[in-house]
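Engineer: I have a structure here, written as structure tokens, and I will follow up with some questions on it.
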Amino acid sequence: MKRLVQAATVFVVALSSLAAIAPSAATEFVCMLARARDRAIVTTAGYITDLDTANPAFANFDIRDGDCTVHVYWNFPGETPAWLSLGTYVSVQGEYWHAHPRHLWEPEVVATGVCASSPPVEYANSSVVSGAWSLTPWGAAGEVAGACYQLTGPSESVLVDCGSFMNTDDMPTGAGAENWRTDDSFPFDPVAVSALIVTHAHADHADRIHYLVAQGFRGQIYMTEATKVLYLAKLPDTIANSSIPRENWEIAESTIASLIQTYTYLTPFTVAEGLSAMLVDAGHIPGSASVVLTIASPVGAVTLTFSGDVGTGHHTFLNPPDTATLRTLGADTLVIESTYAASEPRTYPDDPYGAFYDAVQGALDNGKLVVIPTFALDRTQRVLAALLDGVAAKRIFPERKIGVGGKSSCYLTQKYMDMQANPALYGDCFSETYCSADPFAGAGWEYIRQPCSDWEAEAVVNPFDYSVIVTPSGSGAGENSYSAELIERYRRDERVVFIKVGWAPPASPMGGGVEGLHIVEVQEAFSGHADITGLLDFVRAFPALKRVIITHGDDALCARACLASAILSARPGIEVILPEYGQPIGLPD
């Protein structure tokens with residue numbers, strides 16, 4: 001029998017009685033998991049049988065794996081997928097009911113996501129294997145948030161990343177790992193952690209460090225110099241928006257800064273006894289790194305690589321991911337993100353910003369104010385540079401200035417400009433093109449907030465004094481958010497067009513959580529994450545790879561399952577693990 005194993009969350013339920021099933025590995029699995037609690041969020045995989053698509057809005061079918069079947073109800077969006085047919089192998093994620101009201105006579109999975117995939121080769125559940133070191137994910141296990149991985153050795157405990165979760169107070173939570181909140185206590189003792197390695201400065205990889213320190217961590221924090229600049233620039237606001245008492249803000253900030261030690265790419269350093277590391281350019285944002293860890297062993301070293309967030313290779317400021325170096329270093333085990341693994345492969349036309357320019361100029365031609373809510377870190381800078389290039393190339397013709405709104409967008413853009421002016425220190429974190437040219441040159445734009453630290457200077461501005469405003473995305477924004485103010489005030493205003501240039505949380509304004517917005521979507525040119533093709537290319541950089549641990553992907557979208565199937569099709573025999581939150585994975589000797 002072939003099965004894609006997702007630790008303890010793959011549920012296969014028998015329609016017939018358990019006693020009637022012949023003894024087999026499948027029967028043991030069913031006997032172990034058939035008592036799953038009612039309405040648990042589950043993931044399972046198998047071949048479609050007994051398909052009913054009489055209603056074009058939903059499908060009823062069974063999926064079968066060996067002797068075991070489970071019924072699935074799927075209210076799919078849009079047109080019926082071409083692959084939805086008898087015999088297709090699919091991965092299904094949804095809510096498990098012992099007896100669903102629609103079908104009282106049988107257990108059912110009410111699917112929130114289904115994706116077609118190749119049937120994987122069978123492999124063992126390696127949640128526990130012998131070895132002196134183990135790896136435990138404390139986030140990014142079935143979701144795109146909270147990246148935090150604990151490596152535990154005979155006498156050491158080390159973290160890779162310590163990121164925030166996406167569910168701020170004004171965004172609803174559901175079941176599973178997304179119930180974890182940023183200010184929760186850690187499920188391990190921070191005092192016992194001897195070191196932290198940070199892949200990059202994005203919030204979902206770095207914005208719980210202040211809580212780690214507040215709870216007693218005093219180990220070394222390792223990162224690149226560019227990551228340090230960006231992270232420390234964000235830190236005062238991050239701490240101010242936390243539950244840390246105001247009187248401790250400056251203490252927390254100075255303590256964290258004192259613990260940071262930076263390394264350039266490809267410079268080995270010792271992390272703990274028996275554990276060394278090297279940072280390799282991941283091409284995601286400035287300073288972003290894949291982390292290559294070497295674990296000493298009496299029978300030879302074991303190499304473990306954390307991908308971090310893998311860049312697209314089409315970022316105008318950055319070099320592509322350094323897979324050439326990774327190929328020479330090798331790895332036995334790879335921990336890889338899967339953010340866009342379930343999406344269609346992207347195309348990169350010769351005119352990458354053509355659709356973006358058409359959307360902006362089309363709105364300007366109709367007399368609209370263009371508002372572009374997007375992430376303050378990296379996306380704002382890329383969008384601003386593209387707008388200025390479009391003006392210089394006479395692709396767009398704003399009558400008034402381009403405004404950069406938002407406190408964080410202001411000070412982070414300034415940090416980009418400072419780093420660009422100092423290639424001796426930051427050159428390895430940027431492309432030669434970025435270092436030799438000023439992408440923010442030109443008098444056609446200004447910060448709406450002047451100075452950056454002045455809240456009131458931005459609040460009283462008339463947005464129609466600008467043709468285009470680039471501002472933070474308003475995801476979980478507080479009362480002082482300029483983006484939230486713009487969206488609330490102008491979401492039903494026919495004079496305003498909002499342009500979406502990247503992913504946004506589903507409950508956020510740009511993710512569809514606010515009615516009335518006139519949104520034009522132009523996303524592919526600005527994506528910072530590799531698609532399924534890029535992720536597979538990254539995996540191919542490891543010729544001696546034995547095991548892949550897939551994280552940082554939304555299970556509701558089948559991101560991790562789709563990448564697992566693609567890896568197993570491309571590299572048969574590799575062991576693939578989709579870990580749960582808090583599931584320890586032994587690393588081989």
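The chains in the structure tokens are called A, B, ... from first to last as shown; in each chain the residues are counted from 1, and the ligands are counted from 1 in the order shown.
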Write out as an MDAnalysis selection string which residues come within 9 Å of Lys234 (chain A) when counting only C-alpha atoms, dropping same-chain ones fewer than 3 positions away.
Structural biologist: chainID A and resid 201 229:231 237:239 408 411:412
Engineer: Can you build me a table of region 267-342 of chain A residues sitting at most 12 Å from region 536-541 of chain A, with the closest atom pair per residue and its distance in Å to one decimal, using only C-alpha atoms, sorted by chain and residue number, as a Markdown table?
Structural biologist:
```
| residue | atom | partner | partner_atom | distance |
| --- | --- | --- | --- | --- |
| A:Ala282 | CA | A:Phe538 | CA | 10.0 |
| A:Gly283 | CA | A:Phe538 | CA | 11.7 |
| A:Ser290 | CA | A:Phe538 | CA | 10.9 |
| A:Thr305 | CA | A:Val539 | CA | 10.7 |
| A:Phe306 | CA | A:Val539 | CA | 11.4 |
| A:Ser307 | CA | A:Phe538 | CA | 8.5 |
| A:Gly308 | CA | A:Phe538 | CA | 11.4 |
| A:Asp309 | CA | A:Phe538 | CA | 11.1 |
| A:Val310 | CA | A:Phe538 | CA | 8.0 |
| A:Gly311 | CA | A:Phe538 | CA | 9.9 |
| A:Thr312 | CA | A:Phe538 | CA | 10.4 |
| A:Gly313 | CA | A:Phe538 | CA | 11.0 |
| A:Pro320 | CA | A:Phe538 | CA | 10.9 |
| A:Pro321 | CA | A:Phe538 | CA | 8.2 |
| A:Asp322 | CA | A:Phe538 | CA | 9.2 |
| A:Thr323 | CA | A:Ala541 | CA | 5.7 |
| A:Ala324 | CA | A:Ala541 | CA | 7.2 |
| A:Thr325 | CA | A:Ala541 | CA | 8.7 |
| A:Leu326 | CA | A:Ala541 | CA | 6.2 |
| A:Arg327 | CA | A:Ala541 | CA | 4.8 |
| A:Thr328 | CA | A:Ala541 | CA | 8.6 |
| A:Leu329 | CA | A:Ala541 | CA | 9.6 |
| A:Gly330 | CA | A:Ala541 | CA | 7.9 |
| A:Ala331 | CA | A:Ala541 | CA | 9.3 |
| A:Asp332 | CA | A:Val539 | CA | 11.6 |
| A:Thr333 | CA | A:Val539 | CA | 10.5 |
| A:Leu334 | CA | A:Val539 | CA | 8.0 |
| A:Val335 | CA | A:Val539 | CA | 10.0 |
| A:Ile336 | CA | A:Val539 | CA | 8.4 |
| A:Glu337 | CA | A:Phe538 | CA | 10.5 |
| A:Ser338 | CA | A:Leu536 | CA | 10.2 |
| A:Tyr340 | CA | A:Leu536 | CA | 11.6 |
| A:Ala341 | CA | A:Leu536 | CA | 9.3 |
```
Engineer: May I have the selected residues written with C-alpha atoms, as a PDB file, in the first residue's frame?
Structural biologist:
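Result saved to selection.pdb:
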```pdb
ATOM      1  CA  ALA A 282      18.404  32.583  -0.054  1.00  0.00           C
ATOM      2  CA  GLY A 283      17.488  35.459  -2.402  1.00  0.00           C
ATOM      3  CA  SER A 290      19.445  29.383   4.185  1.00  0.00           C
ATOM      4  CA  THR A 305      19.859  22.615   5.853  1.00  0.00           C
ATOM      5  CA  PHE A 306      16.995  24.988   6.606  1.00  0.00           C
ATOM      6  CA  SER A 307      15.866  26.656   3.400  1.00  0.00           C
ATOM      7  CA  GLY A 308      14.413  29.741   5.076  1.00  0.00           C
ATOM      8  CA  ASP A 309      12.115  31.444   2.592  1.00  0.00           C
ATOM      9  CA  VAL A 310      13.343  30.634  -0.916  1.00  0.00           C
ATOM     10  CA  GLY A 311      13.495  33.557  -3.333  1.00  0.00           C
ATOM     11  CA  THR A 312      12.173  33.515  -6.881  1.00  0.00           C
ATOM     12  CA  GLY A 313      15.448  34.384  -8.615  1.00  0.00           C
ATOM     13  CA  PRO A 320      19.067  34.379  -6.920  1.00  0.00           C
ATOM     14  CA  PRO A 321      19.238  31.671  -4.237  1.00  0.00           C
ATOM     15  CA  ASP A 322      22.797  30.349  -4.046  1.00  0.00           C
ATOM     16  CA  THR A 323      22.036  26.762  -5.004  1.00  0.00           C
ATOM     17  CA  ALA A 324      25.537  26.327  -6.453  1.00  0.00           C
ATOM     18  CA  THR A 325      27.048  26.606  -2.977  1.00  0.00           C
ATOM     19  CA  LEU A 326      24.364  24.388  -1.469  1.00  0.00           C
ATOM     20  CA  ARG A 327      25.178  21.745  -4.064  1.00  0.00           C
ATOM     21  CA  THR A 328      28.811  21.656  -2.953  1.00  0.00           C
ATOM     22  CA  LEU A 329      27.952  21.571   0.753  1.00  0.00           C
ATOM     23  CA  GLY A 330      25.378  18.823   0.397  1.00  0.00           C
ATOM     24  CA  ALA A 331      22.797  17.854   2.998  1.00  0.00           C
ATOM     25  CA  ASP A 332      21.367  14.680   4.439  1.00  0.00           C
ATOM     26  CA  THR A 333      18.180  16.404   5.583  1.00  0.00           C
ATOM     27  CA  LEU A 334      16.443  19.487   4.188  1.00  0.00           C
ATOM     28  CA  VAL A 335      13.801  21.536   6.013  1.00  0.00           C
ATOM     29  CA  ILE A 336      12.003  23.481   3.278  1.00  0.00           C
ATOM     30  CA  GLU A 337       9.197  26.013   3.033  1.00  0.00           C
ATOM     31  CA  SER A 338       6.178  25.336   0.779  1.00  0.00           C
ATOM     32  CA  TYR A 340       3.329  28.590  -3.007  1.00  0.00           C
ATOM     33  CA  ALA A 341       3.695  24.881  -3.723  1.00  0.00           C
TER      34      ALA A 341
END
```
Engineer: Between CA of His200 (chain A) and CA of Ile550 (chain A), what is the spacing in Å?
Structural biologist: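 Pair CA of Ile550 (chain A) / CA of His200 (chain A) returns 18.4 Å.
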Engineer: Could you pull out the residues in region 87-250 of chain A that DSSP calls strand (DSSP E) from the backbone, as a PyMOL selection string?
Structural biologist: chain A and resi 89-97+108-116+133-137+149-152+157-160+195-197+220-223
Engineer: Include N, CA and C atoms and write out the residues we just selected as a tab-separated table (two decimals), in the first residue's frame.
Structural biologist:
```tsv
chain	number	residue	atom	x	y	z
A	89	TYR	N	-5.53	10.42	-7.94
A	89	TYR	CA	-4.98	10.41	-6.57
A	89	TYR	C	-5.01	11.84	-6.05
A	90	VAL	N	-5.62	12.06	-4.88
A	90	VAL	CA	-5.78	13.39	-4.33
A	90	VAL	C	-5.36	13.44	-2.87
A	91	SER	N	-5.03	14.64	-2.42
A	91	SER	CA	-4.83	14.92	-1.01
A	91	SER	C	-5.97	15.81	-0.56
A	92	VAL	N	-6.59	15.46	0.57
A	92	VAL	CA	-7.78	16.15	1.07
A	92	VAL	C	-7.52	16.65	2.47
A	93	GLN	N	-7.86	17.91	2.71
A	93	GLN	CA	-7.77	18.47	4.05
A	93	GLN	C	-9.13	19.03	4.43
A	94	GLY	N	-9.58	18.75	5.66
A	94	GLY	CA	-10.88	19.26	6.07
A	94	GLY	C	-11.26	18.83	7.47
A	95	GLU	N	-12.55	18.93	7.75
A	95	GLU	CA	-13.08	18.64	9.08
A	95	GLU	C	-13.70	17.25	9.09
A	96	TYR	N	-13.26	16.41	10.02
A	96	TYR	CA	-13.72	15.02	10.07
A	96	TYR	C	-14.92	14.88	11.01
A	97	TRP	N	-15.98	14.26	10.50
A	97	TRP	CA	-17.19	14.00	11.28
A	97	TRP	C	-17.39	12.50	11.38
A	108	GLU	N	-17.32	11.24	7.44
A	108	GLU	CA	-17.14	12.14	6.29
A	108	GLU	C	-16.09	13.19	6.61
A	109	VAL	N	-15.32	13.57	5.59
A	109	VAL	CA	-14.44	14.72	5.66
A	109	VAL	C	-15.08	15.84	4.86
A	110	VAL	N	-15.41	16.95	5.52
A	110	VAL	CA	-15.91	18.13	4.84
A	110	VAL	C	-14.69	18.94	4.42
A	111	ALA	N	-14.36	18.88	3.15
A	111	ALA	CA	-13.05	19.36	2.67
A	111	ALA	C	-13.00	20.87	2.60
A	112	THR	N	-11.90	21.43	3.05
A	112	THR	CA	-11.58	22.84	2.83
A	112	THR	C	-10.55	23.00	1.72
A	113	GLY	N	-9.94	21.91	1.31
A	113	GLY	CA	-8.98	21.95	0.22
A	113	GLY	C	-8.74	20.57	-0.34
A	114	VAL	N	-8.66	20.47	-1.66
A	114	VAL	CA	-8.35	19.21	-2.33
A	114	VAL	C	-7.37	19.52	-3.44
A	115	CYS	N	-6.32	18.72	-3.58
A	115	CYS	CA	-5.43	18.92	-4.72
A	115	CYS	C	-5.01	17.56	-5.27
A	116	ALA	N	-4.89	17.51	-6.59
A	116	ALA	CA	-4.45	16.29	-7.25
A	116	ALA	C	-2.94	16.16	-7.12
A	133	TRP	N	20.57	14.01	18.18
A	133	TRP	CA	19.89	15.28	18.00
A	133	TRP	C	18.47	15.06	17.49
A	134	SER	N	17.56	15.96	17.86
A	134	SER	CA	16.19	15.91	17.34
A	134	SER	C	15.76	17.32	16.95
A	135	LEU	N	14.77	17.39	16.07
A	135	LEU	CA	14.23	18.65	15.57
A	135	LEU	C	12.74	18.71	15.90
A	136	THR	N	12.29	19.82	16.48
A	136	THR	CA	10.89	19.99	16.82
A	136	THR	C	10.39	21.32	16.28
A	137	PRO	N	9.35	21.33	15.42
A	137	PRO	CA	8.79	22.60	14.95
A	137	PRO	C	7.79	23.17	15.96
A	149	TYR	N	12.05	26.48	14.97
A	149	TYR	CA	12.48	25.09	14.97
A	149	TYR	C	13.53	24.90	16.06
A	150	GLN	N	13.29	23.94	16.93
A	150	GLN	CA	14.20	23.69	18.04
A	150	GLN	C	15.04	22.45	17.75
A	151	LEU	N	16.34	22.63	17.78
A	151	LEU	CA	17.28	21.52	17.67
A	151	LEU	C	17.78	21.19	19.06
A	152	THR	N	17.57	19.96	19.47
A	152	THR	CA	17.96	19.53	20.80
A	152	THR	C	19.01	18.45	20.70
A	157	SER	N	20.49	23.14	23.30
A	157	SER	CA	19.22	23.41	22.66
A	157	SER	C	19.37	24.69	21.85
A	158	VAL	N	19.08	24.62	20.56
A	158	VAL	CA	19.30	25.73	19.63
A	158	VAL	C	18.02	25.95	18.83
A	159	LEU	N	17.71	27.22	18.53
A	159	LEU	CA	16.55	27.55	17.70
A	159	LEU	C	17.00	28.07	16.34
A	160	VAL	N	16.23	27.74	15.31
A	160	VAL	CA	16.32	28.40	14.02
A	160	VAL	C	15.00	29.14	13.83
A	195	ALA	N	21.36	29.25	21.75
A	195	ALA	CA	21.60	30.09	20.58
A	195	ALA	C	20.35	30.13	19.71
A	196	LEU	N	20.25	31.19	18.92
A	196	LEU	CA	19.17	31.37	17.95
A	196	LEU	C	19.79	31.82	16.64
A	197	ILE	N	19.42	31.17	15.53
A	197	ILE	CA	19.85	31.58	14.19
A	197	ILE	C	18.62	32.10	13.46
A	220	GLN	N	23.39	33.61	22.21
A	220	GLN	CA	23.80	34.41	21.06
A	220	GLN	C	22.72	34.33	19.98
A	221	ILE	N	22.50	35.45	19.27
A	221	ILE	CA	21.56	35.50	18.15
A	221	ILE	C	22.39	35.74	16.88
A	222	TYR	N	22.33	34.81	15.93
A	222	TYR	CA	23.14	34.88	14.73
A	222	TYR	C	22.28	35.28	13.52
A	223	MET	N	22.82	36.18	12.69
A	223	MET	CA	22.12	36.61	11.46
A	223	MET	C	23.11	37.35	10.59
```
Engineer: Please list as a list in words every residue within 8 Å of Cys148 (chain A), counting only C-alpha atoms and excluding residues in the same chain fewer than 4 positions away.
Structural biologist: Pro137, Trp138, Gly139, Ala140, Leu159, Val160, Asp161, Cys162, Gly163 and His205 of chain A
Engineer: Using only C-alpha atoms, which of the listed residues (A:Glu446, A:Glu521, A:Glu156, A:Glu580) sits closest to Ala132 (chain A)?
Structural biologist: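 Nearest to Ala132 (chain A): A:Glu156.
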Engineer: For each of A:Leu51, A:Leu578, A:Leu384, A:Leu318, take the minimum atom-to-atom distance to Asp281 (chain A), counting only C-alpha atoms, then give the residue where this is smallest.
Structural biologist: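 Checking each of A:Leu51, A:Leu578, A:Leu384, A:Leu318 against Asp281 (chain A), counting only C-alpha atoms, the winner is A:Leu318.
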Engineer: Given the choices A:Phe356, A:Tyr73, A:Tyr211, A:Phe464, which gets closest to Asn248 (chain A) if the distance is worked out from only C-alpha atoms?
Structural biologist: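 Smallest separation from Asn248 (chain A) among the options: A:Tyr211.
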Engineer: For the structure I just gave you, how does DSSP split region 297-478 of chain A - specifically, which residues are helix (DSSP H, G or I)? Reply as an MDAnalysis selection string.
Structural biologist: chainID A and resid 323:329 354:365 379:392 407:420 423:429 432:436 455:459 463:465
Engineer: Hey, which of A:Thr339, A:Thr303, A:Gln450, A:Ser185 ends up closest to His552 (chain A)? Count only C-alpha atoms.
Structural biologist: A:Thr339
Engineer: Could you tell me which of A:Trp83, A:Tyr47, A:Phe58, A:Tyr466 comes closest to Val70 (chain A) if we count only C-alpha atoms?
Structural biologist: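 For Val70 (chain A), the nearest of the candidates is A:Tyr47.
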Engineer: Let me make sure I understand: among A:Met419, A:Val371, A:Leu232, A:Ala257, which one has the smallest atom-to-atom distance to Ile519 (chain A) if we use only C-alpha atoms?
Structural biologist: A:Val371
Engineer: Quick one: residues within 12 Å of Thr316 (chain A), only C-alpha atoms counted, chain neighbours fewer than 5 positions away excluded, as a list in words?
Structural biologist: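 Final neighbour list, sorted by chain and number: Gly283, His284, Ile285, Pro286, Gly311, Pro352, Tyr353, Asp378, Arg379, Gln381, Arg382, Val383, Ala385, Ala386, Asp389, Phe430, Ser431, Glu432, Thr433, Tyr434, Cys435, Ala437, Pro439, Ala525, Phe526, Ser527 and Gly528 of chain A.
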Engineer: Now that the selection is made, can you save its residues with C-alpha atoms as a PDB file, in the first residue's frame?
Structural biologist:
```pdb
ATOM      1  CA  GLY A 283      17.488  35.459  -2.402  1.00  0.00           C
ATOM      2  CA  HIS A 284      14.231  36.281  -0.587  1.00  0.00           C
ATOM      3  CA  ILE A 285      14.839  39.723   0.968  1.00  0.00           C
ATOM      4  CA  PRO A 286      18.109  41.536   1.751  1.00  0.00           C
ATOM      5  CA  GLY A 311      13.495  33.557  -3.333  1.00  0.00           C
ATOM      6  CA  PRO A 352       7.674  41.723 -15.925  1.00  0.00           C
ATOM      7  CA  TYR A 353       5.912  44.906 -14.799  1.00  0.00           C
ATOM      8  CA  ASP A 378      10.783  44.669   0.885  1.00  0.00           C
ATOM      9  CA  ARG A 379       7.472  44.785  -1.029  1.00  0.00           C
ATOM     10  CA  GLN A 381      10.624  49.158  -1.748  1.00  0.00           C
ATOM     11  CA  ARG A 382      10.177  46.955  -4.820  1.00  0.00           C
ATOM     12  CA  VAL A 383       6.868  48.594  -5.728  1.00  0.00           C
ATOM     13  CA  ALA A 385      11.346  51.238  -7.456  1.00  0.00           C
ATOM     14  CA  ALA A 386       9.058  49.780 -10.142  1.00  0.00           C
ATOM     15  CA  ASP A 389      11.253  52.986 -13.309  1.00  0.00           C
ATOM     16  CA  PHE A 430      22.318  42.734  -2.920  1.00  0.00           C
ATOM     17  CA  SER A 431      22.778  42.307  -6.648  1.00  0.00           C
ATOM     18  CA  GLU A 432      25.467  44.230  -8.506  1.00  0.00           C
ATOM     19  CA  THR A 433      22.733  46.201 -10.283  1.00  0.00           C
ATOM     20  CA  TYR A 434      21.291  47.426  -7.006  1.00  0.00           C
ATOM     21  CA  CYS A 435      24.686  48.344  -5.603  1.00  0.00           C
ATOM     22  CA  ALA A 437      22.473  52.214  -9.250  1.00  0.00           C
ATOM     23  CA  PRO A 439      16.625  52.597  -7.571  1.00  0.00           C
ATOM     24  CA  ALA A 525       5.828  40.351 -10.610  1.00  0.00           C
ATOM     25  CA  PHE A 526       6.360  41.141  -6.924  1.00  0.00           C
ATOM     26  CA  SER A 527       6.247  37.721  -5.307  1.00  0.00           C
ATOM     27  CA  GLY A 528       9.134  37.017  -2.953  1.00  0.00           C
TER      28      GLY A 528
END
```
Engineer: What does the structure give for the distance between CA of Gly444 (chain A) and CA of Phe397 (chain A), in Å to one decimal?
Structural biologist: 10.6 Å
